[in-house]
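K.L.:
Below you'll find target03.cif; it's mmCIF, C-alpha atoms (C1' of nucleotides).
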```
data_start
loop_
_atom_site.label_atom_id
_atom_site.label_comp_id
_atom_site.auth_asym_id
_atom_site.auth_seq_id
_atom_site.Cartn_x
_atom_site.Cartn_y
_atom_site.Cartn_z
CA MET A 1 -58.77 66.14 -70.50
CA LYS A 2 -62.43 66.94 -70.94
CA ALA A 3 -65.39 65.16 -69.43
CA VAL A 4 -67.08 62.71 -71.75
CA LEU A 5 -70.84 62.69 -72.08
CA GLY A 6 -72.43 59.85 -70.18
CA LYS A 7 -69.47 59.52 -67.85
CA ARG A 8 -69.06 61.87 -64.93
CA SER A 9 -65.84 63.81 -65.02
CA GLN A 10 -65.09 62.61 -61.52
CA ASP A 11 -64.96 59.04 -62.78
CA ILE A 12 -62.56 59.98 -65.50
CA VAL A 13 -60.25 61.64 -63.06
CA GLU A 14 -60.43 58.77 -60.63
CA ASP A 15 -60.06 55.96 -63.09
CA GLN A 16 -57.70 57.28 -65.67
CA ILE A 17 -55.85 60.44 -64.83
CA ASP A 18 -53.95 60.92 -61.63
CA ARG A 19 -55.27 58.40 -59.10
CA GLY A 20 -56.37 61.28 -56.87
CA ASP A 21 -55.56 60.79 -53.22
CA TYR A 22 -53.86 57.47 -53.86
CA ASN A 23 -50.96 59.09 -55.62
CA PRO A 24 -48.15 60.03 -53.22
CA SER A 25 -47.63 63.26 -55.13
CA SER A 26 -51.19 64.40 -54.46
CA ALA A 27 -51.69 67.26 -52.02
CA THR A 28 -54.38 65.24 -50.26
CA PHE A 29 -52.37 62.02 -50.04
CA ARG A 30 -52.40 60.31 -46.63
CA LEU A 31 -50.31 57.33 -45.53
CA ALA A 32 -53.41 55.68 -44.10
CA ASN A 33 -54.80 55.50 -47.65
CA SER A 34 -51.56 54.51 -49.35
CA PRO A 35 -51.44 50.96 -50.75
CA PHE A 36 -47.70 50.58 -50.34
CA TYR A 37 -47.65 51.97 -46.85
CA LEU A 38 -50.45 49.61 -45.86
CA MET A 39 -48.64 46.65 -47.41
CA ALA A 40 -45.54 47.49 -45.40
CA HIS A 41 -47.65 48.02 -42.30
CA ALA A 42 -49.53 44.74 -42.62
CA ASP A 43 -46.36 42.82 -43.39
CA PHE A 44 -44.59 44.45 -40.44
CA LYS A 45 -47.33 43.65 -37.95
CA TYR A 46 -47.64 40.13 -39.32
CA HIS A 47 -43.98 39.42 -38.66
CA GLU A 48 -43.63 41.48 -35.50
CA ASP A 49 -45.47 39.07 -33.23
CA MET A 50 -44.41 36.00 -35.16
CA ASP A 51 -40.70 36.75 -34.93
CA LYS A 52 -40.84 36.66 -31.16
CA VAL A 53 -42.33 33.19 -31.25
CA LEU A 54 -39.94 31.99 -33.93
CA HIS A 55 -36.95 33.21 -31.93
CA LYS A 56 -37.93 30.90 -29.10
CA HIS A 57 -37.41 28.10 -31.61
CA GLY A 58 -34.02 29.50 -32.62
CA VAL A 59 -35.21 30.76 -36.00
CA SER A 60 -34.87 34.37 -37.13
CA LYS A 61 -37.09 35.99 -39.73
CA PRO A 62 -34.53 35.75 -42.57
CA ILE A 63 -33.81 32.12 -41.71
CA TYR A 64 -37.50 31.33 -41.73
CA ARG A 65 -37.89 32.99 -45.09
CA VAL A 66 -35.05 30.93 -46.55
CA MET A 67 -36.66 27.78 -45.21
CA THR A 68 -39.96 28.57 -46.88
CA VAL A 69 -38.15 29.13 -50.16
CA LEU A 70 -36.35 25.80 -49.85
CA ARG A 71 -39.60 24.02 -49.05
CA GLU A 72 -40.76 24.83 -52.56
CA ARG A 73 -37.66 24.04 -54.57
CA GLN A 74 -34.77 21.97 -53.41
CA PRO A 75 -31.90 22.11 -53.90
CA ALA A 76 -31.61 25.83 -54.62
CA SER A 77 -28.58 28.00 -55.36
CA ILE A 78 -27.57 31.05 -53.32
CA GLY A 79 -28.69 33.31 -56.14
CA THR A 80 -32.07 31.64 -56.47
CA ILE A 81 -32.69 31.88 -52.76
CA ALA A 82 -31.61 35.51 -52.70
CA GLU A 83 -34.02 36.46 -55.43
CA ALA A 84 -36.95 34.64 -53.88
CA ALA A 85 -36.17 35.87 -50.37
CA LEU A 86 -35.80 39.50 -51.50
CA THR A 87 -32.30 39.73 -50.04
CA LYS A 88 -28.82 40.40 -51.42
CA ARG A 89 -26.70 37.42 -52.40
CA SER A 90 -23.92 38.25 -49.98
CA THR A 91 -26.42 38.36 -47.16
CA ILE A 92 -27.93 35.00 -48.11
CA SER A 93 -24.44 33.55 -48.28
CA ARG A 94 -23.98 34.48 -44.63
CA ILE A 95 -27.44 33.37 -43.58
CA ILE A 96 -26.68 29.96 -45.07
CA ASP A 97 -23.47 29.90 -43.00
CA ARG A 98 -25.55 30.32 -39.85
CA MET A 99 -28.01 27.67 -40.99
CA LEU A 100 -25.12 25.28 -41.64
CA GLU A 101 -23.88 25.83 -38.10
CA GLN A 102 -27.35 25.01 -36.82
CA GLY A 103 -27.49 21.91 -39.02
CA LEU A 104 -30.62 23.12 -40.80
CA VAL A 105 -29.21 22.81 -44.32
CA THR A 106 -26.43 21.22 -46.33
CA ALA A 107 -24.45 23.10 -48.99
CA GLU A 108 -22.80 21.17 -51.81
CA PRO A 109 -21.24 22.35 -55.06
CA ASN A 110 -23.29 21.51 -58.14
CA ALA A 111 -21.80 18.56 -60.03
CA GLU A 112 -22.08 20.19 -63.46
CA ASP A 113 -21.16 23.76 -62.50
CA ASN A 114 -18.76 24.02 -59.63
CA ARG A 115 -19.49 27.69 -59.04
CA ILE A 116 -23.00 26.94 -57.86
CA THR A 117 -23.69 26.09 -54.23
CA GLU A 118 -26.70 23.83 -53.85
CA VAL A 119 -28.49 24.29 -50.59
CA THR A 120 -30.84 21.62 -49.23
CA LEU A 121 -32.81 21.33 -46.01
CA THR A 122 -31.61 18.55 -43.70
CA ALA A 123 -34.01 16.25 -41.90
CA ALA A 124 -33.55 18.49 -38.87
CA GLY A 125 -34.35 21.53 -41.01
CA GLU A 126 -37.50 19.91 -42.37
CA GLN A 127 -38.56 18.97 -38.88
CA ARG A 128 -37.95 22.47 -37.55
CA LEU A 129 -40.03 23.88 -40.36
CA ARG A 130 -42.88 21.47 -39.69
CA LYS A 131 -42.84 22.51 -36.07
CA LEU A 132 -43.16 26.19 -36.96
CA THR A 133 -45.82 25.78 -39.62
CA PRO A 134 -48.86 25.62 -37.33
CA ILE A 135 -47.70 28.74 -35.49
CA VAL A 136 -47.50 30.63 -38.75
CA GLY A 137 -50.84 29.16 -39.76
CA ARG A 138 -52.53 30.55 -36.67
CA GLN A 139 -51.06 33.98 -37.28
CA PHE A 140 -52.36 33.85 -40.83
CA MET A 141 -55.86 32.92 -39.69
CA ARG A 142 -55.73 35.76 -37.20
CA ALA A 143 -54.70 38.24 -39.90
CA MET A 144 -57.49 37.16 -42.22
CA ASP A 145 -60.27 37.11 -39.65
CA GLY A 146 -63.46 38.51 -41.09
CA ILE A 147 -62.11 38.61 -44.65
CA SER A 148 -63.76 36.34 -47.20
CA ASN A 149 -61.78 33.99 -49.42
CA ARG A 150 -63.24 35.91 -52.32
CA ASP A 151 -61.59 39.07 -51.01
CA ILE A 152 -58.31 37.23 -50.49
CA ALA A 153 -58.42 36.00 -54.07
CA HIS A 154 -59.05 39.55 -55.23
CA LEU A 155 -56.17 40.80 -53.09
CA LEU A 156 -53.85 38.21 -54.65
CA ARG A 157 -54.79 39.17 -58.17
CA THR A 158 -54.17 42.85 -57.52
CA LEU A 159 -50.86 42.23 -55.77
CA GLN A 160 -49.73 39.98 -58.59
CA LYS A 161 -50.56 42.66 -61.14
CA ILE A 162 -48.59 45.24 -59.17
CA SER A 163 -45.58 42.93 -58.87
CA ALA A 164 -45.72 42.23 -62.57
CA ASN A 165 -45.83 45.96 -63.37
CA LEU A 166 -42.81 46.61 -61.20
CA SER A 167 -40.83 43.82 -62.81
CA LYS A 168 -40.90 45.71 -66.09
CA LEU A 169 -38.23 48.27 -66.91
CA PRO A 170 -37.76 50.83 -64.13
CA ILE A 171 -38.23 54.60 -64.12
CA GLU A 172 -35.64 57.22 -65.13
CA MET B 1 -70.28 24.78 -38.40
CA LYS B 2 -73.07 23.29 -40.47
CA ALA B 3 -73.95 24.06 -44.03
CA VAL B 4 -76.80 26.47 -44.40
CA LEU B 5 -79.56 25.84 -46.92
CA GLY B 6 -79.17 28.00 -49.96
CA LYS B 7 -75.43 28.23 -49.56
CA ARG B 8 -73.23 25.66 -51.25
CA SER B 9 -71.01 23.73 -48.88
CA GLN B 10 -68.03 24.66 -51.02
CA ASP B 11 -68.61 28.31 -50.21
CA ILE B 12 -68.68 27.52 -46.56
CA VAL B 13 -65.39 25.71 -46.72
CA GLU B 14 -63.78 28.42 -48.79
CA ASP B 15 -65.11 31.31 -46.80
CA GLN B 16 -65.01 30.11 -43.27
CA ILE B 17 -62.93 27.04 -42.52
CA ASP B 18 -59.25 26.70 -43.34
CA ARG B 19 -58.41 29.13 -46.15
CA GLY B 20 -57.13 26.21 -48.26
CA ASP B 21 -54.01 27.00 -50.23
CA TYR B 22 -53.76 30.49 -48.80
CA ASN B 23 -52.82 29.19 -45.37
CA PRO B 24 -49.04 28.79 -44.98
CA SER B 25 -49.61 25.56 -43.08
CA SER B 26 -51.42 23.97 -46.01
CA ALA B 27 -49.60 21.22 -47.89
CA THR B 28 -50.44 22.93 -51.17
CA PHE B 29 -49.34 26.40 -50.07
CA ARG B 30 -47.16 28.30 -52.55
CA LEU B 31 -45.34 31.58 -52.02
CA ALA B 32 -46.67 32.87 -55.33
CA ASN B 33 -50.18 32.64 -53.88
CA SER B 34 -49.36 33.97 -50.45
CA PRO B 35 -50.78 37.41 -49.62
CA PHE B 36 -47.99 38.35 -47.24
CA TYR B 37 -45.25 37.20 -49.56
CA LEU B 38 -46.80 39.17 -52.39
CA MET B 39 -47.09 42.27 -50.21
CA ALA B 40 -43.42 42.00 -49.31
CA HIS B 41 -42.55 41.37 -52.95
CA ALA B 42 -44.53 44.32 -54.27
CA ASP B 43 -43.19 46.62 -51.57
CA PHE B 44 -39.65 45.43 -52.26
CA LYS B 45 -39.85 46.01 -55.99
CA TYR B 46 -41.53 49.36 -55.49
CA HIS B 47 -38.66 50.61 -53.35
CA GLU B 48 -35.86 48.81 -55.18
CA ASP B 49 -35.83 51.09 -58.20
CA MET B 50 -36.93 54.14 -56.28
CA ASP B 51 -34.13 53.94 -53.73
CA LYS B 52 -31.53 54.23 -56.45
CA VAL B 53 -33.11 57.45 -57.66
CA LEU B 54 -33.58 58.82 -54.16
CA HIS B 55 -29.94 58.15 -53.31
CA LYS B 56 -28.90 60.47 -56.11
CA HIS B 57 -30.74 63.15 -54.17
CA GLY B 58 -28.97 62.20 -50.94
CA VAL B 59 -32.03 60.58 -49.40
CA SER B 60 -32.09 56.99 -48.14
CA LYS B 61 -35.24 54.92 -47.86
CA PRO B 62 -35.59 55.34 -44.07
CA ILE B 63 -34.98 59.08 -44.36
CA TYR B 64 -37.64 59.34 -47.04
CA ARG B 65 -40.08 57.42 -44.89
CA VAL B 66 -39.49 59.78 -41.97
CA MET B 67 -40.06 62.75 -44.24
CA THR B 68 -43.42 61.39 -45.41
CA VAL B 69 -44.45 60.89 -41.80
CA LEU B 70 -43.47 64.45 -40.93
CA ARG B 71 -45.35 65.83 -43.91
CA GLU B 72 -48.57 64.63 -42.28
CA ARG B 73 -48.00 65.74 -38.72
CA GLN B 74 -45.49 68.23 -37.57
CA PRO B 75 -43.89 68.47 -35.15
CA ALA B 76 -43.68 64.80 -34.23
CA SER B 77 -41.84 63.04 -31.40
CA ILE B 78 -39.26 60.31 -31.88
CA GLY B 79 -41.73 57.74 -30.59
CA THR B 80 -44.49 58.88 -32.91
CA ILE B 81 -42.21 58.78 -35.90
CA ALA B 82 -40.89 55.36 -34.94
CA GLU B 83 -44.37 53.90 -34.75
CA ALA B 84 -45.48 55.38 -38.04
CA ALA B 85 -42.25 54.50 -39.81
CA LEU B 86 -42.29 50.89 -38.56
CA THR B 87 -38.82 51.25 -37.05
CA LYS B 88 -37.35 50.99 -33.55
CA ARG B 89 -37.06 54.19 -31.51
CA SER B 90 -33.32 53.94 -31.10
CA THR B 91 -32.96 53.64 -34.86
CA ILE B 92 -35.16 56.66 -35.49
CA SER B 93 -33.10 58.59 -32.97
CA ARG B 94 -30.03 57.98 -35.11
CA ILE B 95 -31.80 58.63 -38.38
CA ILE B 96 -32.86 62.01 -37.01
CA ASP B 97 -29.19 62.67 -36.15
CA ARG B 98 -28.29 62.15 -39.80
CA MET B 99 -31.16 64.34 -40.94
CA LEU B 100 -30.01 67.08 -38.56
CA GLU B 101 -26.54 66.93 -40.10
CA GLN B 102 -28.09 67.33 -43.53
CA GLY B 103 -30.21 70.23 -42.31
CA LEU B 104 -33.44 68.47 -43.25
CA VAL B 105 -35.06 68.77 -39.82
CA THR B 106 -34.86 70.62 -36.52
CA ALA B 107 -35.16 68.88 -33.14
CA GLU B 108 -36.33 70.87 -30.14
CA PRO B 109 -37.45 69.73 -26.71
CA ASN B 110 -41.18 70.09 -26.11
CA ALA B 111 -41.94 73.14 -23.94
CA GLU B 112 -44.36 71.30 -21.67
CA ASP B 113 -42.52 67.97 -21.42
CA ASN B 114 -38.79 68.18 -21.69
CA ARG B 115 -38.37 64.47 -22.35
CA ILE B 116 -40.02 64.77 -25.72
CA THR B 117 -38.01 65.71 -28.79
CA GLU B 118 -40.09 67.54 -31.34
CA VAL B 119 -38.90 67.02 -34.87
CA THR B 120 -39.88 69.39 -37.67
CA LEU B 121 -38.95 69.61 -41.33
CA THR B 122 -36.85 72.65 -42.22
CA ALA B 123 -37.53 74.71 -45.33
CA ALA B 124 -34.72 72.75 -46.95
CA GLY B 125 -36.36 69.51 -45.86
CA GLU B 126 -39.71 70.58 -47.30
CA GLN B 127 -38.04 71.56 -50.53
CA ARG B 128 -36.17 68.28 -50.80
CA LEU B 129 -39.41 66.42 -50.25
CA ARG B 130 -41.22 68.44 -52.92
CA LYS B 131 -38.43 67.64 -55.32
CA LEU B 132 -38.77 63.91 -54.73
CA THR B 133 -42.54 63.77 -54.80
CA PRO B 134 -43.00 63.64 -58.57
CA ILE B 135 -40.44 60.84 -58.84
CA VAL B 136 -42.37 58.78 -56.34
CA GLY B 137 -45.59 59.72 -58.11
CA ARG B 138 -44.30 58.31 -61.38
CA GLN B 139 -43.26 55.08 -59.70
CA PHE B 140 -46.72 54.81 -58.18
CA MET B 141 -48.41 55.30 -61.53
CA ARG B 142 -46.13 52.67 -63.01
CA ALA B 143 -47.03 50.20 -60.26
CA MET B 144 -50.76 50.74 -60.70
CA ASP B 145 -50.82 50.59 -64.47
CA GLY B 146 -53.86 48.68 -65.68
CA ILE B 147 -55.46 48.54 -62.24
CA SER B 148 -58.73 50.43 -61.79
CA ASN B 149 -59.29 52.87 -58.98
CA ARG B 150 -62.11 50.60 -57.87
CA ASP B 151 -59.60 47.78 -57.44
CA ILE B 152 -57.24 50.06 -55.56
CA ALA B 153 -60.04 51.05 -53.21
CA HIS B 154 -60.80 47.39 -52.66
CA LEU B 155 -57.14 46.67 -52.01
CA LEU B 156 -57.03 49.44 -49.43
CA ARG B 157 -60.04 48.17 -47.57
CA THR B 158 -58.64 44.65 -47.36
CA LEU B 159 -55.22 45.82 -46.24
CA GLN B 160 -56.78 48.06 -43.62
CA LYS B 161 -58.80 45.13 -42.26
CA ILE B 162 -55.67 42.98 -42.08
CA SER B 163 -53.74 45.70 -40.28
CA ALA B 164 -56.59 46.16 -37.83
CA ASN B 165 -56.71 42.42 -37.13
CA LEU B 166 -53.00 42.34 -36.45
CA SER B 167 -53.19 45.29 -34.09
CA LYS B 168 -55.34 43.24 -31.75
CA LEU B 169 -53.74 41.05 -29.09
CA PRO B 170 -51.07 38.75 -30.52
CA ILE B 171 -50.83 34.97 -30.62
CA GLU B 172 -49.36 32.76 -27.89
"C1'" DC C 1 -42.88 67.35 -0.67
"C1'" DT C 2 -40.24 63.37 -1.53
"C1'" DA C 3 -39.11 58.81 -3.22
"C1'" DA C 4 -40.29 55.31 -6.26
"C1'" DG C 5 -42.12 54.33 -10.60
"C1'" DT C 6 -42.87 55.39 -15.33
"C1'" DC C 7 -41.84 57.47 -19.66
"C1'" DA C 8 -39.05 59.48 -23.72
"C1'" DT C 9 -34.89 59.60 -25.66
"C1'" DA C 10 -29.99 58.74 -26.19
"C1'" DT C 11 -26.00 55.81 -26.44
"C1'" DG C 12 -22.60 51.69 -25.90
"C1'" DT C 13 -22.15 47.47 -28.03
"C1'" DA C 14 -23.07 43.50 -30.84
"C1'" DA C 15 -25.14 41.65 -34.81
"C1'" DT C 16 -26.80 42.17 -39.42
"C1'" DT C 17 -26.76 43.95 -43.91
"C1'" DG C 18 -24.95 45.69 -48.17
"C1'" DC C 19 -21.26 47.50 -51.12
"C1'" DA C 20 -17.08 46.71 -53.26
"C1'" DT C 21 -13.99 43.48 -54.40
"C1'" DA C 22 -11.63 38.95 -54.57
"C1'" DT C 23 -11.66 34.25 -55.98
"C1'" DA C 24 -12.79 30.59 -58.68
"C1'" DA C 25 -15.33 28.36 -62.53
"C1'" DT C 26 -17.55 28.50 -66.96
"C1'" DG C 27 -18.40 30.18 -71.67
"C1'" DC C 28 -17.04 32.15 -75.91
"C1'" DG C 29 -14.64 34.43 -79.79
"C1'" DG C 30 -10.94 33.81 -82.64
"C1'" DC D 1 -6.82 25.79 -77.32
"C1'" DC D 2 -6.06 30.31 -75.32
"C1'" DG D 3 -7.34 34.50 -73.19
"C1'" DC D 4 -11.00 37.59 -72.00
"C1'" DA D 5 -15.61 38.36 -70.50
"C1'" DT D 6 -19.14 36.61 -67.63
"C1'" DT D 7 -21.16 34.22 -63.78
"C1'" DA D 8 -21.62 32.45 -58.85
"C1'" DT D 9 -20.23 32.79 -54.50
"C1'" DA D 10 -17.45 34.37 -50.68
"C1'" DT D 11 -15.32 37.89 -47.83
"C1'" DG D 12 -13.17 42.50 -46.01
"C1'" DC D 13 -15.06 46.50 -44.54
"C1'" DA D 14 -18.26 50.29 -43.61
"C1'" DA D 15 -22.82 51.55 -42.49
"C1'" DT D 16 -27.13 50.46 -40.42
"C1'" DT D 17 -30.00 48.36 -37.12
"C1'" DA D 18 -31.53 46.54 -32.77
"C1'" DC D 19 -30.95 45.15 -27.98
"C1'" DA D 20 -29.75 46.47 -23.46
"C1'" DT D 21 -29.05 49.99 -20.60
"C1'" DA D 22 -28.22 54.79 -19.02
"C1'" DT D 23 -29.89 59.39 -18.42
"C1'" DG D 24 -32.92 62.80 -17.50
"C1'" DA D 25 -37.86 64.32 -16.88
"C1'" DC D 26 -42.44 63.79 -15.37
"C1'" DT D 27 -46.00 61.54 -12.18
"C1'" DT D 28 -48.00 59.86 -8.31
"C1'" DA D 29 -48.63 57.44 -3.76
"C1'" DG D 30 -48.24 58.44 0.79
#
```
Since I need it in another form, could you write the structure as structure tokens?
P.N.:
Amino acid sequence: MKAVLGKRSQDIVEDQIDRGDYNPSSATFRLANSPFYLMAHADFKYHEDMDKVLHKHGVSKPIYRVMTVLRERQPASIGTIAEAALTKRSTISRIIDRMLEQGLVTAEPNAEDNRITEVTLTAAGEQRLRKLTPIVGRQFMRAMDGISNRDIAHLLRTLQKISANLSKLPIE
Amino acid sequence: MKAVLGKRSQDIVEDQIDRGDYNPSSATFRLANSPFYLMAHADFKYHEDMDKVLHKHGVSKPIYRVMTVLRERQPASIGTIAEAALTKRSTISRIIDRMLEQGLVTAEPNAEDNRITEVTLTAAGEQRLRKLTPIVGRQFMRAMDGISNRDIAHLLRTLQKISANLSKLPIE
DNA sequence: CTAAGTCATATGTAATTGCATATAATGCGG
DNA sequence: CCGCATTATATGCAATTACATATGACTTAG
């Protein structure tokens, strides 16, 4: 593609052609400048410290994630939880087993469709979650130190666009 | 902190106090507006499709991640790879075993310090990586569709700040 | 120069996850 | 109303991961 008058060719390359260094297929690509690597890195560090604290309260990372999903919509089916928690259904099925043993949730068949298992937080589950919330809140504040709410809003918009793009039909 | 003349109090609250809805301990918090959930979601979707394609080429997600680390610095020790690949050392040790079986890497003890295992991509490993690169590149372009390079640069800066914050001393 | 301490990796074992499949319930075409 | 396809979950089994610990190599105090 040729440069257009009034717009530097560099801009055209950067904005519309190949994403330059950002593209993992670029010769000058570096992980430290890769959006997806940095997302994974930030998410990893965020949970790394937190998991240790959560474990002291008998809650693993996947269990915590299921609890946060249930906080928003209850009751929820195994499939719904799996999708929201980014985990396979069979795995969620077993995580719910562990949560049942701990008395954190109940699991009842749906009255209208007996195939569906409806999972609900128990009072104990709700209480456990409330206990953990401030810990997670502090970690969040720590992560966002020195970042304006305007920048967080911008981050959200970009991440939402990326998620939406990737929910369209896949490659190949 | 007091309001400063010339700055609306709303800005002060939004920029400096409690992060409002973004904070996981807020009563109005929603996963769909949570930066860390969205990072995990975007990263998950990004790899979900890609892994299927990579598997056809005999490369799993962790193996691919190790290869991208090695592309940047070679040779690299088990510990170095583990840190960069966000995976435990013992796990990397076994992943390298599998890569050795596939002839993707060599592993030699460091001449000066015999404890260290130096891992290097073989010619076959380099070739495999080159073969996969355009596939990953297409997935990246798909993810970033409709997002300007300016926004990507902004995203990077914010993610780098978050990572830096989380690399400081942990909570509790 | 030696013994204790530290460091890097490897490995035994247990737990977790995912794939493939089984089971059971619902929906639908005829 | 029947049988076949589909859907939701559960489970046997294999692979992966992590924790705890072992092994071997370097480092350093004395």
K.L.:
Within 10 Å of chain B, which residues of chain C are there when counting only C-alpha atoms (C1' of nucleotides)? Please give them as a ChimeraX atom specification.
P.N.:
/C:7-11
K.L.:
Tell me which of A:Ile147, A:Leu159, A:Val66, A:Leu121 sits closest to Arg19 in chain B, counting all atoms listed in the file.
P.N.:
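With all atoms listed in the file as the atom set, the closest residue is A:Ile147.
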K.L.:
Give me, as a PyMOL selection string, the contact residues of chain A against chain B at a cut-off of 7 Å, counting only C-alpha atoms.
P.N.:
chain A and resi 14-15+19+23-25+33+35-36+38-43+45-46+49+133-134+136-137+139-140+142-145+148-149+155-156+159-160+162-163+165-166+170-171
K.L.:
Could you state which residues are captured by the PyMOL selection byres ((chain D) within 9 of (chain B)) in this file, as a PDB file with C-alpha atoms (C1' of nucleotides), keeping the file's coordinate frame?
P.N.:
```
ATOM      1  C1'  DT D  16     -27.130  50.460 -40.420  1.00  0.00           C
ATOM      2  C1'  DT D  17     -30.000  48.360 -37.120  1.00  0.00           C
ATOM      3  C1'  DA D  18     -31.530  46.540 -32.770  1.00  0.00           C
ATOM      4  C1'  DG D  24     -32.920  62.800 -17.500  1.00  0.00           C
ATOM      5  C1'  DA D  25     -37.860  64.320 -16.880  1.00  0.00           C
ATOM      6  C1'  DC D  26     -42.440  63.790 -15.370  1.00  0.00           C
TER       7       DC D  26
END
```
K.L.:
For C1' of DG12 in chain D and C1' of DT17 in chain C, quote the distance in Å rounded to one decimal.
P.N.:
13.8 Å
K.L.:
Which residues would end up in the selection if the PyMOL selection byres ((chain C and resi 24-27) around 9) were applied here, given that I need the answer as an MDAnalysis selection string?
P.N.:
(chainID A and resid 113:115) or (chainID C and resid 23 28) or (chainID D and resid 5:9)
